[in-house]
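Participant: One structure follows; several queries about it will come next.
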Amino acid sequence: MTDSLPPQYDPSTVEAKLYRWWLDRGLFRPGPGEPYVIMMPPPNVTAQLHMGHGLNLGIQDVLIRFERMRGRAALWLPGTDHAGIATQNVVEKLLAKEGLTRFDLGRPAFVERVWAYVRETGDTILEQIKSLGASCDWDRTYFTLDQGLSDAVREVFVRWYEKKLIYRGKYIINWCPRCLTALSNEEAEKEEVDGKIYRFRYPLEDGSGTITIATTRPETLLGDTGVAVHPKDKRYRKLIGRRVMLPLTDRSIPVVADLAVDREFGTGAVKLTPAHDPLDFEIAARHGLAAIDVMTPEARMAETVPERFQGLDRFEARKRVVAELEALGLVERIDPHRHAVGHCYRCETVVEPRLSDQWFVKMAPLAKPSLEAYESGRLKFIPERRGTEYARWMENIRDWCISRQLWWGHRIPVWYCEAPRCGAVSASRTDLTRCPKCTGPVHQDEDVLDTWFSSQLVPFSSLGWPARAADLDRFYPGHTLVTAPEILFFWVARMVMSGLETQKALPFTTVYLHGTVRDTLHRKMSKSLGNGIDPLDVVAQYGADALRYTVIGGLAVGTDVILDPADLESSFSTGRNFANKLWNMGRFLLSNLEGPVRPLAGKAESAVEKSELALVDRWILARCETTVVEATDAYENFRLNDAAGAIYRFLWNDLADWYLEAIKPRLYGEQAGGDVARAVAAQVFDVALRLLHPIMPFITETLWKRIPGRHPDWSISVAPWPRSDRRAADPCALDEFGALQELVGAVRSIRAEYNVQPGHAVRVFVTEPGEKVQAAIRAMRPTIERLARLSALSLGNGTGAEAEGGAHAVLQDGTAVTVPLGDLVDLGKECARLKAEADRLDQLVGGQEKKLANEQFVSRAPADIVQKERDKLVQWRDQIAVLADKRGRLGCTG
RNA sequence: GGGCGAUUAGCUCAGCUGGUUAGAGCGCUGGUCUCACAUACCAGAGGUCGGGGGUUCGAGCCCCUCAUCGCCCACCA
């Protein structure tokens, strides 16, 4: 068996093949049973896999595999998002290389071009996801532009339109002058920038003076249609109702009074540009002031401004306006000013607030039940604090601008009647060719819907809704949603709203928001910064298991994952080494498990009797039980790093370092009980592999399949989850074996201290052993001798040979350990070592005596705590006494 | 401008409701190619738990405050 397994694990020879095998066996399709559903956040169809995906997908796969093994009908549903702006941008960039724009192609040809691109590259991200081992049900893969999902979009749009939840109107929206489309509030990301605040004087029309306004965007001056002041502002009261000349133009504009003006800010006088500022728009509306749009869609100055400004970029125009005002002596002051400015979340261009006709979803009615779901506890967030963010957003919700001036996406299903007398506006589930009211000719709205309008529906649209579908009945509502906090509002909140509105049920009950993958400077990994780590490189170099172990194991709930792109080795070697360790544990065990292995429990004749178990067997079984309980609890509560840690420690520090080493003589027939050891080892290894499988699916499957007695068709991915067995919990075994470990450790330390040759066996005298040490020696003497490399272990009486020059250690319970090393021992050094140890204990004792002498402590602290502290004091004094005795015998001075 | 989180070993992080001598991985030092594994084994060094104050018999953990970093929200032009 060993011959067929090389000493180093090579994931590349295993993972792809194994993944294929899982798929062929249909193991990722939900079986019978109680459903457990996770909707994968659909990656953009043009996306390339990055570490953020790695983290996100890793977590989901752990959860879905865990529940699958627990017998749930686990469905992890994958798909891709058509990603309106992002995809259109990608294809437009490709066109630009050919010197073309989308307008050169025209809409139908451009859309066809995007489809061609998507058909060609759309599967890339899905294939990349597979290389991570993601156990999705690929048979159900969707794309948000699929017919069924498009039907869902229209169904929801028309329903909401009919319910008056969707409306069209002229409002100030966020406009990206590069993407040439409106953006929602969420898509316009506020960023603090260092700008300037300018104070300009506007002369009164009658020449009797000036009024000074403050602005951060001088170029919008050209679109001013008024100046507003607070009605109670004494400085300006007498100016209300009068008119000022708008500099650089020949227009005069009124001074109005409005409560929305903040007297404290700036000069207390606001210039009103209703077409380019939401507040100005509101104020202007109240006072019947016109709005003048002074910019083109590209944010160049439009024909509505004086000719010399026309065509200038807005920032050029800003300089020009300031310069001209300066020349006119109308600039009072320019001060630095830090403020938040909206940026396009796709291209980071500074967003221009702009007045235009757009479609909106009325959010308040949808938000109400969504907030209620959270407040009643039906919807939970992990970590909890994310819930308050969600609630605050719901409470302050604003209407959602859903129209986008793009060509790629779901076209708004609204048709306008062209008959002059009718002019009906009709929303329809099916394409219209004539007006339903007057049968006149119609044309469809030019805009498409925000991508998130369709992705908010995937929890049910991907299951077949609005058609009647068995999947929908079975898998809606789902359970856990795992995503990055960035899209809490974009996506998560809206899924909740649309789910509650259309399905009358929450799409999921728990939202797990994980952290962000960052570099060592805590910067988000991104292409533009060049600080990314390509997960595919990691998979190729270290294996998917290593990648998964790294991101899962280094991840406390809700915290960021910091990785160093310049040093993959330090990040991923732990996972790779762990896989390799497992591989070699497997090689060792499997080569020793040939032939029948006795069952550990059950009615079979050959079943191992409890009385046959050695101390070390009972110990590893107890540790295994502890690990089952810890890991299961951790998985259940999303503490995946705790699960990973508990399993790692069990496998490496307990099973490999101690148990396997301890049973070697039994396996080799040098000691009795080999068949029991094999039975125990097989059992705990099996259990641990199953516990680890959600995190490291490939290596665990590879090894698990090789355990003798497995049917070749069995897969660990659907093996039953290990059950806790209280009978295996054996505190006595844990204590006694713990004493054994301490004893062995003490001898090893002495050996290292004195540079004893590793091959050289030493004698050891143990005097005044504590109960546990005695029990351990009684039960496991040959094992101790082996692990500590002893030629003999004698229970001495504290006199005679063992008292002569040797190296000494004192265990916690006062057991004295003496290793006679003859000439090797440097007496001075030994005395110093013992003294240092005694001094350390003296300090502890000092503190402890003080603590126990404190009346307050003794009377107020719980009795069991006090007793524990007393025990400690006794123990330490004991150790000190033994140390003193040793030092006396060695003739130490000082 | 509001709200929230973080600050523990050189690095990345654990440390659950306050009560063992504060832990892990990597890195570092010393020793080993011991018949599963040098991607390993054994031993070890390294921390006044960001500063200050407080509550308590007892604080890494609770409270206040300061500092630094980060996140979310926000129509003060």
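Residue numbering restarts at 1 in every chain; chains get A, B, ... in the order shown in the structure tokens, and ligands count up from 1 in that same order.
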Would you mind listing what lies within 9 Å of stretch 295-312 of chain A as a ChimeraX atom specification, with only C-alpha atoms (C1' of nucleotides) counted and same-chain residues fewer than 6 positions away left out?
Facilitator: /A:175-181,219-220,222-223,248-249,276,320-321,352,354
Participant: Quick one: residues within 12 Å of B:C73, only C-alpha atoms (C1' of nucleotides) counted, chain neighbours fewer than 4 positions away excluded, as a list in words?
Facilitator: Glu186, Glu189, Lys190, Glu191, Ala340, Thr388, Glu389, Tyr390, Ala391, Arg392, Trp393, Met394, Glu395, Asn396, Ile397 and Phe489 of chain A; G1, G2, G3 and C4 of chain B
Participant: Show me, as a ChimeraX atom specification, the residues of chain A whose atoms get within 8 Å of chain B, using only C-alpha atoms (C1' of nucleotides) for the distance check.
Facilitator: /A:7-8,214-216,262,265-266,270-271,277-279,385,389,554,562-563,570-571,573-574,576-577,580-581,584-589,748-749,752-753,755,758-759,844,854-861,865
Participant: Hey, can you spit out that residue selection with C-alpha atoms as a PDB file, in the first residue's frame?
Facilitator:
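Once written, selection.pdb looks like this:
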```
ATOM      1  CA  PRO A   7       5.911  10.390   0.618  1.00  0.00           C
ATOM      2  CA  GLN A   8       4.716  13.800  -0.516  1.00  0.00           C
ATOM      3  CA  ALA A 214     -20.482  79.601  -0.632  1.00  0.00           C
ATOM      4  CA  THR A 215     -20.035  76.694  -2.986  1.00  0.00           C
ATOM      5  CA  THR A 216     -17.796  73.721  -3.596  1.00  0.00           C
ATOM      6  CA  ASP A 262     -28.202  76.192   7.457  1.00  0.00           C
ATOM      7  CA  PHE A 265     -22.586  76.875   7.295  1.00  0.00           C
ATOM      8  CA  GLY A 266     -20.557  78.868   4.810  1.00  0.00           C
ATOM      9  CA  VAL A 270     -26.831  79.226  -0.777  1.00  0.00           C
ATOM     10  CA  LYS A 271     -26.754  79.511  -4.494  1.00  0.00           C
ATOM     11  CA  ASP A 277     -28.046  69.416  -6.518  1.00  0.00           C
ATOM     12  CA  PRO A 278     -30.750  67.538  -4.665  1.00  0.00           C
ATOM     13  CA  LEU A 279     -31.216  70.108  -1.917  1.00  0.00           C
ATOM     14  CA  ARG A 385     -23.660  44.187  14.755  1.00  0.00           C
ATOM     15  CA  GLU A 389     -26.470  48.528  10.009  1.00  0.00           C
ATOM     16  CA  GLY A 554      -7.401  32.305   9.814  1.00  0.00           C
ATOM     17  CA  ILE A 562      -4.816  39.436   5.976  1.00  0.00           C
ATOM     18  CA  LEU A 563      -2.560  37.750   3.468  1.00  0.00           C
ATOM     19  CA  SER A 570       4.045  31.999   4.779  1.00  0.00           C
ATOM     20  CA  SER A 571       0.327  32.204   4.105  1.00  0.00           C
ATOM     21  CA  SER A 573       2.352  26.519   3.702  1.00  0.00           C
ATOM     22  CA  THR A 574       0.500  25.697   6.901  1.00  0.00           C
ATOM     23  CA  ARG A 576      -0.187  22.499   2.535  1.00  0.00           C
ATOM     24  CA  ASN A 577       1.891  21.068   5.355  1.00  0.00           C
ATOM     25  CA  ASN A 580       0.929  16.567   3.724  1.00  0.00           C
ATOM     26  CA  LYS A 581       0.880  15.541   7.357  1.00  0.00           C
ATOM     27  CA  ASN A 584       1.590  10.664   5.716  1.00  0.00           C
ATOM     28  CA  MET A 585      -0.554   9.754   8.656  1.00  0.00           C
ATOM     29  CA  GLY A 586      -2.709   8.024   6.105  1.00  0.00           C
ATOM     30  CA  ARG A 587       0.225   6.286   4.497  1.00  0.00           C
ATOM     31  CA  PHE A 588       1.391   5.045   7.853  1.00  0.00           C
ATOM     32  CA  LEU A 589      -1.986   3.938   9.090  1.00  0.00           C
ATOM     33  CA  ARG A 748      13.074  15.268  26.731  1.00  0.00           C
ATOM     34  CA  SER A 749      13.843  18.727  28.047  1.00  0.00           C
ATOM     35  CA  ALA A 752      17.976  18.577  25.034  1.00  0.00           C
ATOM     36  CA  GLU A 753      19.447  20.699  27.796  1.00  0.00           C
ATOM     37  CA  ASN A 755      22.737  17.558  24.423  1.00  0.00           C
ATOM     38  CA  PRO A 758      19.233  11.205  20.366  1.00  0.00           C
ATOM     39  CA  GLY A 759      20.166   7.588  19.949  1.00  0.00           C
ATOM     40  CA  LEU A 844       4.144  32.485  42.458  1.00  0.00           C
ATOM     41  CA  ASN A 854      -6.643  38.511  51.869  1.00  0.00           C
ATOM     42  CA  GLU A 855      -9.757  38.216  53.989  1.00  0.00           C
ATOM     43  CA  GLN A 856     -11.790  39.773  51.198  1.00  0.00           C
ATOM     44  CA  PHE A 857     -10.774  37.140  48.698  1.00  0.00           C
ATOM     45  CA  VAL A 858     -11.410  34.225  50.975  1.00  0.00           C
ATOM     46  CA  SER A 859     -14.787  35.478  52.047  1.00  0.00           C
ATOM     47  CA  ARG A 860     -16.047  36.858  48.745  1.00  0.00           C
ATOM     48  CA  ALA A 861     -14.731  34.571  46.058  1.00  0.00           C
ATOM     49  CA  ILE A 865     -12.205  29.092  43.385  1.00  0.00           C
TER      50      ILE A 865
END
```
Participant: So that I can check the secondary structure, give me every residue of stretch 574-761 of chain A assigned alpha helix (DSSP H) by backbone DSSP, as a ChimeraX atom specification.
Facilitator: /A:574-592,615-636,640-648,661-667,674-692,697-704,731-753
Participant: Check stretch 129-167 of chain A with DSSP on the backbone and list each residue it calls strand (DSSP E or B), as an MDAnalysis selection string.
Facilitator: chainID A and resid 142:143 166:167
Participant: I need the chosen residues saved as a CSV table (one decimal), in the first residue's frame, with N, CA, C and O atoms.
Facilitator:
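And here is the file that came out, again_5.csv:
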```csv
chain,number,residue,atom,x,y,z
A,142,TYR,N,-27.8,29.0,-13.1
A,142,TYR,CA,-28.6,30.0,-13.8
A,142,TYR,C,-27.7,31.2,-14.3
A,142,TYR,O,-26.6,31.4,-13.8
A,143,PHE,N,-28.3,31.9,-15.2
A,143,PHE,CA,-27.7,33.2,-15.6
A,143,PHE,C,-28.9,34.2,-15.5
A,143,PHE,O,-30.0,33.9,-15.8
A,166,ILE,N,-43.7,51.1,-8.3
A,166,ILE,CA,-42.7,51.5,-9.2
A,166,ILE,C,-43.3,52.8,-9.9
A,166,ILE,O,-44.5,52.7,-10.3
A,167,TYR,N,-42.5,53.8,-10.0
A,167,TYR,CA,-43.0,55.0,-10.7
A,167,TYR,C,-41.9,55.7,-11.4
A,167,TYR,O,-40.7,55.3,-11.3
```
Participant: Between A:Val597, A:Ile253, A:Leu481, A:Met497, which has the minimum distance to A:Phe453 (counting only C-alpha atoms)?
Facilitator: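 Among A:Val597, A:Ile253, A:Leu481, A:Met497, it is A:Met497 that comes nearest to A:Phe453.
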Participant: Nearest to B:G51 among B:G10, B:C28, B:G23, B:U65, with distances taken over only C-alpha atoms (C1' of nucleotides): which residue is it?
Facilitator: B:U65
Participant: What's the separation between atom CA of A:Thr267 and atom CA of A:Pro231, in Å to one decimal place?
Facilitator: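 One can read the atom CA of A:Thr267 to atom CA of A:Pro231 distance as 14.1 Å.
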Participant: What's around stretch 660-666 of chain A at 8 Å? Count only C-alpha atoms (C1' of nucleotides), leave out sequence neighbours fewer than 4 positions away in its own chain, and write the answer as a PyMOL selection string.
Facilitator: chain A and resi 616+655-656+670-674+677+681+783+786-787
Participant: Counting only C-alpha atoms, which residue out of A:Ala116, A:Cys347, A:Val744, A:Val361 sits closest to A:Arg159?
Facilitator: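 Smallest distance to A:Arg159 is found for A:Val361.
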Participant: So which residues touch A:Ile211 within 7 Å, counting only C-alpha atoms (C1' of nucleotides), skipping near sequence neighbours fewer than 5 positions away, as a list in words?
Facilitator: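 Answer for this query is Arg201, Tyr202 and Pro203 of chain A.
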Participant: Could you save the residues just selected, with N, CA, C and O atoms, as a PDB file, in the first residue's frame?
Facilitator:
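File result_19.pdb, as written:
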```
ATOM      1  N   ARG A 201     -19.121  86.733  -4.441  1.00  0.00           N
ATOM      2  CA  ARG A 201     -20.088  87.822  -4.245  1.00  0.00           C
ATOM      3  C   ARG A 201     -20.999  87.922  -5.457  1.00  0.00           C
ATOM      4  O   ARG A 201     -20.528  87.974  -6.590  1.00  0.00           O
ATOM      5  N   TYR A 202     -22.292  87.907  -5.208  1.00  0.00           N
ATOM      6  CA  TYR A 202     -23.256  88.147  -6.265  1.00  0.00           C
ATOM      7  C   TYR A 202     -23.789  89.565  -6.062  1.00  0.00           C
ATOM      8  O   TYR A 202     -24.324  89.871  -4.987  1.00  0.00           O
ATOM      9  N   PRO A 203     -23.642  90.438  -7.071  1.00  0.00           N
ATOM     10  CA  PRO A 203     -24.099  91.830  -6.902  1.00  0.00           C
ATOM     11  C   PRO A 203     -25.621  91.921  -6.950  1.00  0.00           C
ATOM     12  O   PRO A 203     -26.267  91.215  -7.738  1.00  0.00           O
TER      13      PRO A 203
END
```
